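S.K.: Mind looking over this structure? Questions follow.
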Amino acid sequence: MTSPSITASGAKARASSSLGFPLILLICVVSSAVLYFGLSQLDSSYAFLAAYTVLQFVALATAWNILGGYAGYVNFGVAAFFATGVYTSVIIYKTVQWPLLVTIPVAAAAAGLLGLGMGYLTLRLRGVFFSIATLALAVVLNTIVVNWSFVGGSRGVYVMRPQEIILFSSYERYLFVVMLVLAIGSVLIARTIENSWLGRGLAALKDDEMAAECAGVPSLRMKLIATTISGALLGAAGAPFPFFVTYVDPPTAFSLSIAVNAIAMPLIGGTATWLGPVIGALLLGTFQQIATVTISSALNLLIVGVVLVIFITVAPNGIIGFVKDLREKRR
Amino acid sequence: MTFSLDLFSNAIVSGILLGGFYCAIAVGITIVFGMLDIVNIAHPAFIMTGGFIAYFANTQFGIDPLAACAIAMIPAYYLGRLLYRFYNVAFEKRGEESLQGLAFFFGLLFIIEVALLLIFGVDYRFVEAPYIGPTIEIGFISIPWRLLIPLIVGLGLVLVIIAFLSRTFIGKAILAVSQDPLALRLVGGSPVKVKEVAFGLSIATAILAGALLIIIQPIEPSFGRDFIGRVFCITVLGGMTSLPGTIVASMILGVSESLTSTFLGPSWSPAIAFGLLLITLAVRPVGIFGR
Amino acid sequence: MSNAPVLTSRGLTKRFGGFVALREIDFALASGERVGLIGPNGSGKSTFVNCLTGALQPEEGAVTFKGVDITRMAAWQRARLGLARSFQIPRPFRGLTVRENIEVPLAFVSGLSSQAELETRAEETLERVGLLAKSASSPKNLSQVELRKLELGRALAAQPEVLIADEAMAGLSDSEVDEILELLMQLNTKGIGIILIEHIMRAVMRFSQRVVVIVAGSKIADGDPQDVMQHPEVVRAYLGQ
C-alpha cells in the first residue's frame, strides 16, 4: 500500500534528474537570493540567526538520512559527529586560526573519519549494534571533551568572531550564507547519491542485506561509504557553530536538541527521498524557532519527541508518504 | 606502597559493589534484547523513572525507597506488557522494528527524560534511609551500606530471575523463544505472549534498579543517558543470552570503572562502558559467555 | 558430464556450536550440468547452499569456482564471478519496483551504468522470466509464482555460469511447477549449470541429469537419478520420514 508511492516518487525523482543539474542549481541560487534579501528587509540580526538554526537542521537531517534513510542504519550519535565538527573548529581557532571556509573541510574530514572508524568496527554486525555503539559514542566524546582543558573542558570556551568579513555587512549574515551553502550542498549530495549506483545499492541492502550481496552489492563497502559521507556532512554542519554561539561548552555542543531533531526531522518528513528531511527540518525547525519564544525549550523538545513517536506509529513513511497515500486513495 | 595497596583494594571492592548494582540495571536488557531481540534503548529511562518514584514516595510519605519500588514493580510489570503489546502491533507485525521500532524507543527514552525534567527539575534529588550513610570497616577496606544493599538486591534479583527462567513454565518458554522462535510455535505457544511477559518483567527490574540507583547517589533526569552504554555493554560482553554472563560482565565493568575513577579521575568513568562495548563488538561480538 | 567441473566443494564441514550441520561434503558440478539436490527437511541442503554462495563460512574444507578458491570470499564477490542463487523464501527488495529489483544485479554484477541500458536489459530479463507486465509494480503485489520468477530473474540478470535454485517451486501448483521447470530447462540450454534443491520428486526426476542426496549432513548418494532412487540408504531415509 505504501511502497508503490515510494517507488513512484523514486521514479519521478529520476525523471526530474534528467532535467539536469544546472536547472536545480539555478533554482537553489534564486531561492537563496530571495531568502537572503527577504531576511535583509527584516533588518534584524535575529532573523539571520533564526534562519541559520533552521538551515543547520536541514543540513543535519539530510546528512543523517544518507545512512539512516537510504541504508536503514540508525545513527543515534548525531551529536557526537556534530560536536566533532564543533571542536575541530575550536582546535583550529585556538591553534592555526584558519578561516572558516578552510576549517569546514577539515571538520568534515575529522567527522568522516570518525564515521569510517565506527562503521569499520560495528557495521559487520547486525545494524542494531551500530545503533547502540553510536548511542554511546556521544557519551564518550563528551567525556573526552570534559576532560580536555585545551578545548575548554567542562567550563567551556569563548570564541571571538573575526572583526570584519569581506562582502558582508555583518558576521551573522556571513554565517547565514555559509550555512545556506552547507545545507544546499548536503541536499544536492543526498540527491545525487539517491539517483546513483550507491543509492540503488543502499536501497537494496536496506531491504535485504544477504539478497543484496547475492546480487553483487558489496554491502559493507557501501555502508562504510554512506557512514563516512553522512558523518562528514554532520561534522561540516558543526564547524561554523562556535562562531555562531561564540561560547561553546559540552552541553551546547552535545545538545539533546541536535541529537533528537536530526533523527526526528527525517522520520517525520519521510526517509525515502531527499525531500523528506528538508520538509521535516523546515517544519520542525521553524516551529521550534517560533515556539522557544513562548514556551520553555524543554517543553519544546517534549513536543518534538511526542510528534516523532506519533509519526513513526501512524505514518511510518513520514509526511511525504502520508500525502502520497492520500492522493492514491483519492484517485 | 601500603597507601596504593589500600587504594587499590578499596577500588576493587567498590567496583564489585558497583557491579552488583549493574546486574540490576542490565538484567532486563539481557532478557528483552539479548534473549528476545527487542532493542529497548529506553530501558535507562525506566530506571530513572524508578529512581524518581523512590524519591517521591520517600520525600512525600517517608516510605523506604526499596519498598516503594518493590510495590511499583507490579504496575510497572503490567505497563511493560501493555507497552510491548503496542510495540508488537505498531512495529514488529509490520516488520519495521529495525528503523521505526528503534526510533520509537529512542523517542520514548527522550520523552520520559524530558517529562521527568519538567516534573522534577534539573536539581539533584536524593532519598533518606537508615542504610545510607553507615559504613562497615574491615581493616583498611570500607564497605558503605548504600553500596552493599544494591549488591545484595542486584545479585538476588538475577538469581531470582535465573530460578524463574529454569523452574516456571513461562520462564522455560522465554528460554525456548530465545533459542528458536519457531520451536515454541510448533508446540502451540505464542512467542508474542512470551515476549510480552518478558518485557513486563524487564520494565519491573528497571524500576527496582532505579531505587538502587538513588540509594547509591543523588540523581537528576539526564543521568539515564550514562546508563545506555553500560546496560548494552554488559549484555553484549556477557554473551547476550547468559545471565551468569551478565553477572560476570557487570563485575568486570564495575571494577574497570572503579579503578579508572580511582586512578584517572571519576570524570573518565562514563567512557569505560563504551570502550568495553566497542572492543567486545570488534574483537568478540559473541561476548565472553557466548557460543 | 565430460566437461571439467566449474563448481566444487571438498571436505566441506559446517558446525553450529556442537551440532554438525554438514560433514565433509565432496561435490562437483560440471559446466552446464543439471544436478538435483535432495534430502529430508533439516538435512543440511540449505546450509550446503549457504556455504557455496558465501552466506555461511564453513569450518573446514574448500569451495572452488572456475578453478578459483572462493571459500573465504564474500557473497558479492562470488556473485560477480558468476555464481547466482535464488532463495528458498523469496527475498525481493520490497522498496524497489520489479524492474529496479532486476537492475540491482545488472548494475553491480554486469557493471552497467547508463540508465537507458539498465532499463532495456532489465526488461529483456523480465521478458525471459515472463514478468514484463509487472515491470513497474511493487513486489508486494506479486503472487507466489511471480515472486519465484522475480527471484530467478534477479539471479539471471547477474549472467551466472552456475545458478543454485533453492526450492524454487515450493508451494506452487502443478502447472506453476511446470512453468518454472520449463524456465530452468531453457536457461540450461544457454549453458548455465543448475543445482536444483527440491522436494517435489517429479520435478527433480524430470530435471536432473544427476541427483545428490544429503541426509543428516552427510552425502549418502550421488549419481544417475534412477540409480540413486533405488539406493537402499536413500530408500530408508525417505521411507523413514
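Residues are named by chain letter and number: chains run A, B, ... in the order of the C-alpha cells, numbers start at 1 in each chain, and ligands are numbered from 1 in the order shown.
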Can you check which residues of chain B have any atom within 7 Å of chain A? Use only C-alpha atoms and format it as a compact mmCIF listing (two decimals) with all heavy atoms, in the first residue's frame.
M.R.:
# COMPACT_ATOMS: atom_id res chain seq x y z
N ALA B 90 2.38 -2.15 16.46
CA ALA B 90 2.76 -1.00 15.65
C ALA B 90 4.00 -1.24 14.79
O ALA B 90 4.11 -0.69 13.70
CB ALA B 90 2.98 0.22 16.55
N LEU B 99 14.07 0.06 11.88
CA LEU B 99 14.22 1.52 11.79
C LEU B 99 13.19 2.23 12.67
O LEU B 99 13.54 2.89 13.65
CB LEU B 99 14.11 1.97 10.33
CG LEU B 99 14.26 3.47 10.08
CD1 LEU B 99 15.62 3.97 10.52
CD2 LEU B 99 14.06 3.79 8.60
N GLN B 100 11.91 2.07 12.35
CA GLN B 100 10.88 2.78 13.09
C GLN B 100 10.80 2.33 14.54
O GLN B 100 10.60 3.14 15.43
CB GLN B 100 9.51 2.60 12.42
CG GLN B 100 9.19 3.64 11.37
CD GLN B 100 9.77 3.28 10.02
OE1 GLN B 100 10.31 2.20 9.85
NE2 GLN B 100 9.65 4.17 9.06
N PHE B 104 11.24 4.51 17.76
CA PHE B 104 10.15 4.60 18.74
C PHE B 104 10.72 4.57 20.16
O PHE B 104 10.38 5.41 21.00
CB PHE B 104 9.17 3.44 18.53
CG PHE B 104 8.20 3.24 19.67
CD1 PHE B 104 7.17 4.13 19.88
CD2 PHE B 104 8.34 2.16 20.53
CE1 PHE B 104 6.28 3.95 20.92
CE2 PHE B 104 7.46 1.98 21.58
CZ PHE B 104 6.43 2.87 21.78
N GLY B 107 12.49 7.75 20.86
CA GLY B 107 11.53 8.80 21.18
C GLY B 107 11.03 8.67 22.61
O GLY B 107 10.91 9.64 23.35
N PHE B 110 13.53 9.68 25.23
CA PHE B 110 13.63 11.09 25.22
C PHE B 110 12.42 11.75 25.89
O PHE B 110 12.55 12.65 26.70
CB PHE B 110 13.73 11.41 23.75
CG PHE B 110 13.80 12.80 23.49
CD1 PHE B 110 14.91 13.49 23.89
CD2 PHE B 110 12.75 13.45 22.89
CE1 PHE B 110 14.96 14.83 23.66
CE2 PHE B 110 12.82 14.78 22.67
CZ PHE B 110 13.92 15.47 23.05
N ILE B 111 11.22 11.25 25.58
CA ILE B 111 10.00 11.81 26.17
C ILE B 111 10.03 11.63 27.69
O ILE B 111 9.74 12.55 28.44
CB ILE B 111 8.74 11.11 25.59
CG1 ILE B 111 8.55 11.55 24.13
CG2 ILE B 111 7.50 11.46 26.41
CD1 ILE B 111 7.47 10.78 23.41
N VAL B 114 12.58 14.08 29.28
CA VAL B 114 12.11 15.46 29.31
C VAL B 114 10.93 15.60 30.28
O VAL B 114 10.83 16.59 31.01
CB VAL B 114 11.74 15.95 27.90
CG1 VAL B 114 11.22 17.38 27.95
CG2 VAL B 114 12.93 15.87 26.97
N ASP B 226 23.78 8.11 30.70
CA ASP B 226 25.04 7.45 31.04
C ASP B 226 24.90 5.94 31.17
O ASP B 226 25.88 5.21 31.15
CB ASP B 226 25.59 8.00 32.37
CG ASP B 226 26.08 9.42 32.21
OD1 ASP B 226 26.14 9.89 31.05
OD2 ASP B 226 26.40 10.06 33.23
N ILE B 228 22.96 4.01 29.15
CA ILE B 228 22.70 3.31 27.88
C ILE B 228 23.89 2.45 27.50
O ILE B 228 23.78 1.26 27.24
CB ILE B 228 22.39 4.32 26.76
CG1 ILE B 228 21.13 5.10 27.12
CG2 ILE B 228 22.18 3.59 25.45
CD1 ILE B 228 20.86 6.25 26.20
N GLY B 229 25.07 3.10 27.50
CA GLY B 229 26.28 2.36 27.16
C GLY B 229 26.51 1.21 28.11
O GLY B 229 26.88 0.11 27.71
N SER B 267 35.72 11.61 36.30
CA SER B 267 35.11 12.14 35.10
C SER B 267 35.37 11.25 33.88
O SER B 267 34.75 11.40 32.84
CB SER B 267 35.60 13.55 34.83
OG SER B 267 37.01 13.55 34.79
N TRP B 268 36.31 10.31 33.99
CA TRP B 268 36.59 9.41 32.86
C TRP B 268 35.70 8.18 32.84
O TRP B 268 35.60 7.51 31.81
CB TRP B 268 38.06 8.96 32.88
CG TRP B 268 39.00 10.00 32.33
CD1 TRP B 268 39.85 10.78 33.05
CD2 TRP B 268 39.17 10.37 30.96
NE1 TRP B 268 40.54 11.62 32.22
CE2 TRP B 268 40.15 11.39 30.93
CE3 TRP B 268 38.60 9.94 29.76
CZ2 TRP B 268 40.56 12.00 29.75
CZ3 TRP B 268 39.01 10.54 28.58
CH2 TRP B 268 39.98 11.57 28.58
N PRO B 270 32.51 7.39 32.65
CA PRO B 270 31.44 7.11 31.67
C PRO B 270 31.96 6.51 30.36
O PRO B 270 31.23 5.83 29.65
CB PRO B 270 30.81 8.48 31.43
CG PRO B 270 31.16 9.30 32.61
CD PRO B 270 32.48 8.80 33.08
N ALA B 271 33.23 6.77 30.03
CA ALA B 271 33.76 6.30 28.75
C ALA B 271 34.13 4.82 28.77
O ALA B 271 34.25 4.19 27.72
CB ALA B 271 34.99 7.12 28.36
N PHE B 274 31.64 2.29 27.10
CA PHE B 274 31.68 2.36 25.65
C PHE B 274 32.94 1.70 25.10
O PHE B 274 32.89 0.95 24.12
CB PHE B 274 31.63 3.82 25.21
CG PHE B 274 31.73 3.99 23.72
CD1 PHE B 274 30.63 3.80 22.93
CD2 PHE B 274 32.94 4.32 23.13
CE1 PHE B 274 30.73 3.94 21.56
CE2 PHE B 274 33.04 4.47 21.77
CZ PHE B 274 31.94 4.27 20.98
N LEU B 278 32.79 -1.38 22.57
CA LEU B 278 33.38 -1.31 21.24
C LEU B 278 34.42 -2.41 21.04
O LEU B 278 34.48 -3.06 20.00
CB LEU B 278 34.01 0.07 21.03
CG LEU B 278 33.94 0.60 19.61
CD1 LEU B 278 32.51 0.66 19.13
CD2 LEU B 278 34.58 1.96 19.52
N LEU B 281 32.56 -5.67 20.59
CA LEU B 281 31.95 -5.78 19.27
C LEU B 281 33.01 -6.04 18.21
O LEU B 281 32.80 -6.80 17.27
CB LEU B 281 31.18 -4.51 18.93
CG LEU B 281 29.89 -4.27 19.71
CD1 LEU B 281 29.23 -2.96 19.28
CD2 LEU B 281 28.91 -5.42 19.51
N ALA B 282 34.17 -5.41 18.37
CA ALA B 282 35.20 -5.53 17.34
C ALA B 282 35.94 -6.86 17.45
O ALA B 282 36.26 -7.48 16.44
CB ALA B 282 36.18 -4.36 17.45
S.K.: Determine which residues of chain A sit within 7 Å of chain C, taking into account only C-alpha atoms, and present them as an NGL selection string.
M.R.: :A and (3-4 or 7 or 200-201 or 204 or 207-208 or 211 or 213-218)
S.K.: Can you pull out every residue within 7 Å of range 212-229 of chain C, counting only C-alpha atoms, but drop anything in the same chain fewer than 6 positions away, and send it as a list of chain:residue names?
M.R.: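 The neighbour list is C:Ala21, C:Leu22, C:Arg23, C:Ile25, C:Gly36, C:Leu37, C:Ile38, C:Gly39, C:Pro40, C:Ser43, C:Gly44, C:Lys45, C:Met205, C:Val235.
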S.K.: Check every residue of chain C for an atom within 10 Å of chain B, counting only C-alpha atoms, and provide those that qualify as JSON, numbers by chain.
M.R.: {"C": [16, 17, 18]}
S.K.: Pick out the residues sitting within 12 Å of Val89 in chain B, and hand them over as a ChimeraX atom specification; count only C-alpha atoms, and ignore anything fewer than 5 positions along from it in its own chain.
M.R.: /A:313-314 /B:82-84,94-97,101,192,196
S.K.: With DSSP run on the backbone, what are the strand (DSSP E or B) residues within range 140-259 of chain B? I'd like them as a ChimeraX atom specification.
M.R.: /B:141-144,219
S.K.: Do a neighbour search on Ala108 in chain A at 10 Å with only C-alpha atoms, toss out local chain neighbours closer than 5 positions, and write the hits as JSON, numbers by chain.
M.R.: {"A": [81, 82, 84, 85, 88, 103, 113, 114, 228, 229, 230, 231, 232, 233, 234, 235, 236, 237, 238, 239]}
S.K.: I want to know what sits within 7 Å of range 9-12 of chain C, based on only C-alpha atoms, with residues of the same chain fewer than 4 positions away left out; could you give that as a list in words?
M.R.: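 These residues fall inside the cut-off: Leu22, Arg23, Glu24, Ile25, Asp26, Phe27, Ala28, Pro58, Glu60, Gly61, Ala62, Val63 and Thr64 of chain C.
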